[in-house]
Amino acid sequence: MSKTISLTRYLVEQQRKTATPSGSGGRIPPELRLLLEVVARACKNISHAVNKGALGSTLGSVMGSAESENVQGEIQKKLDIIANEVLIEANEWGGHLAGMASEEMEGIYAVPNRYPQGEYLLLFDPLDGSSNIDINVSIGTIFSVLKMPEGGRAVHEADFLQAGNKQVAAGYCLYGPQTTLVLTVGDGVAMFTLDREQGSFVLTEENVQIPPDTQEFAINMSNMRHWDTPVRRYVDELLAGKDGVRGKDFNMRWIAAMVADVHRILCRGGVFMYPWDKREPDKAGKLRLMYEANPMSWLVEQAGGASTNCKERIMDLQPGRLHERVSVVLGSKNEVERLTAYHHAHVNAL
Ligand code: F6P
Ligand code: MN
């Protein structure tokens, strides 16, 4: 009988991996393991709410309430709010966190004084791809874990403003035909499928690898006329297929949920782009750096792929604001490097 490895067992093994005889120096500290288990439990609850659909009064927008738009100016769906509350309620009392930040909240959420304060910070997009909720198409939760720069004091927004290369854990939970939790703690990427009968996440893929070459790309083509020259050049070449400079045909996919597009790329390669465009020149991009681009970038890099903002590595960007936006190009390494090189060539030619 092949052995089943639960998320709990995987994390315990991660905790023991490099532990010294004195018991310290494990790859992940026990507090981080427990925190990740709580996040996974919250994702299970969100998955349950998502699955109820029209039967659970969870579809539709938050109408006629002061909360109907989030800090990004986007309409909040009922499930956005529910997922946000589930994550906060599950995580605030465990003693592992000092604070949380979410796409759905303008400021940070400091863990209330009535609970013990921990040394970690949790950031999340509670429900990515919200426009898919009401049409029964894949959505997900994205999360990133950072350490408090220093303990023994109240948490401030500035504590969250750390580059992606400081993350200690990152992942997402995809609510699709299956519910899949994808995680990295800096030791490769592992995928866990929710076994609904057992109520637990089971390891179904380890050491995920993104092939360096691909014949698949993902971009919202309706924005083509707004793109910058290097993006246009790159996509034009893909579209020219066999007859063009690339000498091969490319296929296109766009699910309109980053979590689902990135999952496809982790499963079979590809390149995902949401670049800066000319519609709002002062806006760096559409996606958020701290709880969308950073966690996805770390997963992609851990799987052998690359992630840039067309100029530099996303994980090296120093965030200036909690809800900062960024241009994103990630996936199969050779494609990401090609588009980044087109940007450098364009800037040098100016
Ligand atoms: O979170 C923003 C997001 O919903 C991503 O998940 C997705 O990739 C993108 O926006 C879709 O944007 P658009 O509706 O412009 O295609
Ligand atoms: Mn999102």
# chains A, B, ... in the order shown; residues from 1 in each chain; ligands from 1
$ select_by_dssp --residues "segment 54-224 of chain A" --states "alpha helix (DSSP H)" --output "PyMOL selection string"
chain A and resi 78-91+157-160
$ residues_near_ligand --ligand "ligand 1" --cutoff "7 Å" --atoms "only C-alpha atoms and all ligand atoms" --output "count of residues only"
11
$ residues_near_ligand --ligand "ligand 2" --cutoff "12 Å" --atoms "only C-alpha atoms and all ligand atoms" --output "PyMOL selection string"
chain A and resi 70+72+74+76+80+102-104+124-132+139-143+172+256-262+274+286-293+295-296+323+325
$ residues_around --residues "Leu266 of chain A" --least-positions-apart "5" --cutoff "10 Å" --atoms "only C-alpha atoms" --output "ChimeraX atom specification"
/A:182,189,191,208-211,260-261,299-300,303-305,331-332
$ write_last_selection --atoms "N, CA and C atoms" --output "PDB file, in the first residue's frame"
ATOM      1  N   VAL A 182      -1.253  24.688  -2.509  1.00  0.00           N
ATOM      2  CA  VAL A 182       0.104  24.661  -3.070  1.00  0.00           C
ATOM      3  C   VAL A 182       0.983  25.525  -2.171  1.00  0.00           C
ATOM      4  N   VAL A 189       8.307  23.126  -4.168  1.00  0.00           N
ATOM      5  CA  VAL A 189       6.858  23.371  -4.142  1.00  0.00           C
ATOM      6  C   VAL A 189       6.139  22.038  -3.998  1.00  0.00           C
ATOM      7  N   MET A 191       2.190  20.129  -3.632  1.00  0.00           N
ATOM      8  CA  MET A 191       0.747  20.302  -3.871  1.00  0.00           C
ATOM      9  C   MET A 191      -0.035  19.270  -3.061  1.00  0.00           C
ATOM     10  N   VAL A 208       7.635  20.148  -7.555  1.00  0.00           N
ATOM     11  CA  VAL A 208       7.020  20.643  -8.791  1.00  0.00           C
ATOM     12  C   VAL A 208       8.060  21.405  -9.611  1.00  0.00           C
ATOM     13  N   GLN A 209       8.108  21.161 -10.906  1.00  0.00           N
ATOM     14  CA  GLN A 209       9.085  21.826 -11.783  1.00  0.00           C
ATOM     15  C   GLN A 209       8.389  22.434 -12.996  1.00  0.00           C
ATOM     16  N   ILE A 210       8.707  23.699 -13.272  1.00  0.00           N
ATOM     17  CA  ILE A 210       8.164  24.358 -14.467  1.00  0.00           C
ATOM     18  C   ILE A 210       9.181  24.186 -15.600  1.00  0.00           C
ATOM     19  N   PRO A 211       8.787  23.606 -16.729  1.00  0.00           N
ATOM     20  CA  PRO A 211       9.752  23.475 -17.829  1.00  0.00           C
ATOM     21  C   PRO A 211      10.221  24.857 -18.300  1.00  0.00           C
ATOM     22  N   ALA A 260      -5.529  30.496 -10.719  1.00  0.00           N
ATOM     23  CA  ALA A 260      -5.767  29.372 -11.639  1.00  0.00           C
ATOM     24  C   ALA A 260      -4.766  29.391 -12.792  1.00  0.00           C
ATOM     25  N   ASP A 261      -4.435  30.580 -13.286  1.00  0.00           N
ATOM     26  CA  ASP A 261      -3.439  30.663 -14.369  1.00  0.00           C
ATOM     27  C   ASP A 261      -2.063  30.225 -13.874  1.00  0.00           C
ATOM     28  N   LEU A 299       6.749  30.845  -5.328  1.00  0.00           N
ATOM     29  CA  LEU A 299       6.355  29.499  -5.768  1.00  0.00           C
ATOM     30  C   LEU A 299       6.973  29.192  -7.132  1.00  0.00           C
ATOM     31  N   VAL A 300       6.846  30.158  -8.045  1.00  0.00           N
ATOM     32  CA  VAL A 300       7.347  29.951  -9.411  1.00  0.00           C
ATOM     33  C   VAL A 300       8.869  29.773  -9.405  1.00  0.00           C
ATOM     34  N   ALA A 303       9.940  26.485  -8.206  1.00  0.00           N
ATOM     35  CA  ALA A 303       9.687  25.423  -9.184  1.00  0.00           C
ATOM     36  C   ALA A 303      10.585  25.583 -10.411  1.00  0.00           C
ATOM     37  N   GLY A 304      11.590  26.430 -10.314  1.00  0.00           N
ATOM     38  CA  GLY A 304      12.557  26.578 -11.411  1.00  0.00           C
ATOM     39  C   GLY A 304      12.167  27.613 -12.450  1.00  0.00           C
ATOM     40  N   GLY A 305      11.083  28.342 -12.226  1.00  0.00           N
ATOM     41  CA  GLY A 305      10.666  29.387 -13.159  1.00  0.00           C
ATOM     42  C   GLY A 305      11.245  30.736 -12.756  1.00  0.00           C
ATOM     43  N   GLY A 331       6.723  32.636 -14.979  1.00  0.00           N
ATOM     44  CA  GLY A 331       6.510  31.299 -15.549  1.00  0.00           C
ATOM     45  C   GLY A 331       7.778  30.701 -16.110  1.00  0.00           C
ATOM     46  N   SER A 332       7.661  30.026 -17.236  1.00  0.00           N
ATOM     47  CA  SER A 332       8.799  29.328 -17.858  1.00  0.00           C
ATOM     48  C   SER A 332       9.953  30.296 -18.072  1.00  0.00           C
TER      49      SER A 332
END
$ residues_around --residues "Ala284 of chain A" --least-positions-apart "6" --cutoff "9 Å" --atoms "only C-alpha atoms" --output "JSON, numbers by chain"
{"A": [275, 276, 277, 324, 325, 326, 327]}
$ select_by_dssp --residues "segment 219-344 of chain A" --states "strand (DSSP E)" --output "list in words"
Asn251, Met252, Val271, Phe272, Met273, Tyr274, Leu287, Arg288, Ala306, Ser307, Thr308, Arg325, Val326, Val328, Val329, Leu330 and Gly331 of chain A
$ write_last_selection --atoms "N, CA, C and O atoms" --output "PDB file, in the first residue's frame"
ATOM      1  N   ASN A 251      -0.116  28.481 -27.929  1.00  0.00           N
ATOM      2  CA  ASN A 251      -1.519  28.429 -27.547  1.00  0.00           C
ATOM      3  C   ASN A 251      -1.769  29.483 -26.456  1.00  0.00           C
ATOM      4  O   ASN A 251      -0.836  29.870 -25.749  1.00  0.00           O
ATOM      5  N   MET A 252      -3.010  29.943 -26.315  1.00  0.00           N
ATOM      6  CA  MET A 252      -3.300  30.954 -25.298  1.00  0.00           C
ATOM      7  C   MET A 252      -4.399  30.492 -24.344  1.00  0.00           C
ATOM      8  O   MET A 252      -5.329  29.821 -24.768  1.00  0.00           O
ATOM      9  N   VAL A 271       3.678  31.020 -19.681  1.00  0.00           N
ATOM     10  CA  VAL A 271       4.071  32.346 -19.196  1.00  0.00           C
ATOM     11  C   VAL A 271       2.806  33.163 -18.952  1.00  0.00           C
ATOM     12  O   VAL A 271       1.872  33.141 -19.751  1.00  0.00           O
ATOM     13  N   PHE A 272       2.781  33.825 -17.795  1.00  0.00           N
ATOM     14  CA  PHE A 272       1.636  34.643 -17.382  1.00  0.00           C
ATOM     15  C   PHE A 272       2.077  36.098 -17.372  1.00  0.00           C
ATOM     16  O   PHE A 272       3.147  36.414 -16.852  1.00  0.00           O
ATOM     17  N   MET A 273       1.257  36.965 -17.959  1.00  0.00           N
ATOM     18  CA  MET A 273       1.628  38.388 -18.007  1.00  0.00           C
ATOM     19  C   MET A 273       0.446  39.262 -17.595  1.00  0.00           C
ATOM     20  O   MET A 273      -0.648  39.105 -18.126  1.00  0.00           O
ATOM     21  N   TYR A 274       0.674  40.148 -16.632  1.00  0.00           N
ATOM     22  CA  TYR A 274      -0.235  41.276 -16.444  1.00  0.00           C
ATOM     23  C   TYR A 274       0.663  42.505 -16.359  1.00  0.00           C
ATOM     24  O   TYR A 274       1.025  42.958 -15.279  1.00  0.00           O
ATOM     25  N   LEU A 287      -1.897  43.939 -10.594  1.00  0.00           N
ATOM     26  CA  LEU A 287      -1.783  42.993  -9.478  1.00  0.00           C
ATOM     27  C   LEU A 287      -1.047  43.605  -8.305  1.00  0.00           C
ATOM     28  O   LEU A 287      -0.225  44.517  -8.468  1.00  0.00           O
ATOM     29  N   ARG A 288      -1.334  43.088  -7.121  1.00  0.00           N
ATOM     30  CA  ARG A 288      -0.749  43.619  -5.898  1.00  0.00           C
ATOM     31  C   ARG A 288       0.542  42.883  -5.563  1.00  0.00           C
ATOM     32  O   ARG A 288       0.608  41.654  -5.643  1.00  0.00           O
ATOM     33  N   ALA A 306      10.772  31.800 -13.418  1.00  0.00           N
ATOM     34  CA  ALA A 306      11.263  33.147 -13.126  1.00  0.00           C
ATOM     35  C   ALA A 306      10.084  34.097 -13.023  1.00  0.00           C
ATOM     36  O   ALA A 306       8.990  33.813 -13.531  1.00  0.00           O
ATOM     37  N   SER A 307      10.327  35.241 -12.370  1.00  0.00           N
ATOM     38  CA  SER A 307       9.260  36.224 -12.185  1.00  0.00           C
ATOM     39  C   SER A 307       9.861  37.620 -12.137  1.00  0.00           C
ATOM     40  O   SER A 307      10.703  37.904 -11.281  1.00  0.00           O
ATOM     41  N   THR A 308       9.441  38.480 -13.049  1.00  0.00           N
ATOM     42  CA  THR A 308       9.975  39.853 -13.072  1.00  0.00           C
ATOM     43  C   THR A 308       8.834  40.853 -13.286  1.00  0.00           C
ATOM     44  O   THR A 308       7.727  40.479 -13.649  1.00  0.00           O
ATOM     45  N   ARG A 325       0.949  48.121  -6.286  1.00  0.00           N
ATOM     46  CA  ARG A 325       0.721  47.291  -7.473  1.00  0.00           C
ATOM     47  C   ARG A 325       2.026  47.092  -8.223  1.00  0.00           C
ATOM     48  O   ARG A 325       2.974  47.857  -8.050  1.00  0.00           O
ATOM     49  N   VAL A 326       2.021  46.088  -9.094  1.00  0.00           N
ATOM     50  CA  VAL A 326       3.250  45.767  -9.808  1.00  0.00           C
ATOM     51  C   VAL A 326       2.902  45.118 -11.142  1.00  0.00           C
ATOM     52  O   VAL A 326       1.873  44.472 -11.289  1.00  0.00           O
ATOM     53  N   VAL A 328       3.572  42.233 -13.773  1.00  0.00           N
ATOM     54  CA  VAL A 328       3.983  40.844 -13.508  1.00  0.00           C
ATOM     55  C   VAL A 328       4.186  40.041 -14.791  1.00  0.00           C
ATOM     56  O   VAL A 328       3.316  40.014 -15.665  1.00  0.00           O
ATOM     57  N   VAL A 329       5.351  39.405 -14.873  1.00  0.00           N
ATOM     58  CA  VAL A 329       5.624  38.423 -15.933  1.00  0.00           C
ATOM     59  C   VAL A 329       6.258  37.227 -15.235  1.00  0.00           C
ATOM     60  O   VAL A 329       7.340  37.344 -14.655  1.00  0.00           O
ATOM     61  N   LEU A 330       5.595  36.086 -15.255  1.00  0.00           N
ATOM     62  CA  LEU A 330       6.163  34.932 -14.547  1.00  0.00           C
ATOM     63  C   LEU A 330       5.881  33.623 -15.277  1.00  0.00           C
ATOM     64  O   LEU A 330       4.970  33.533 -16.097  1.00  0.00           O
ATOM     65  N   GLY A 331       6.723  32.636 -14.979  1.00  0.00           N
ATOM     66  CA  GLY A 331       6.510  31.299 -15.549  1.00  0.00           C
ATOM     67  C   GLY A 331       7.778  30.701 -16.110  1.00  0.00           C
ATOM     68  O   GLY A 331       8.866  30.887 -15.538  1.00  0.00           O
TER      69      GLY A 331
END
$ residues_around --residues "Val111 of chain A" --least-positions-apart "2" --cutoff "12 Å" --atoms "only C-alpha atoms" --output "PyMOL selection string"
chain A and resi 88-101+108-109+113-122+154-156
$ closest_residue --among "A:Gly186, A:Pro149, A:Gly199, A:Gly60" --to "Ile135 of chain A" --atoms "only C-alpha atoms"
A:Gly60
$ atom_distance --atom1 "atom CA of Arg233 of chain A" --atom2 "atom CA of Gly270 of chain A"
17.7 Å
$ atom_distance --atom1 "atom CA of Thr340 of chain A" --atom2 "atom CA of His263 of chain A"
22.0 Å
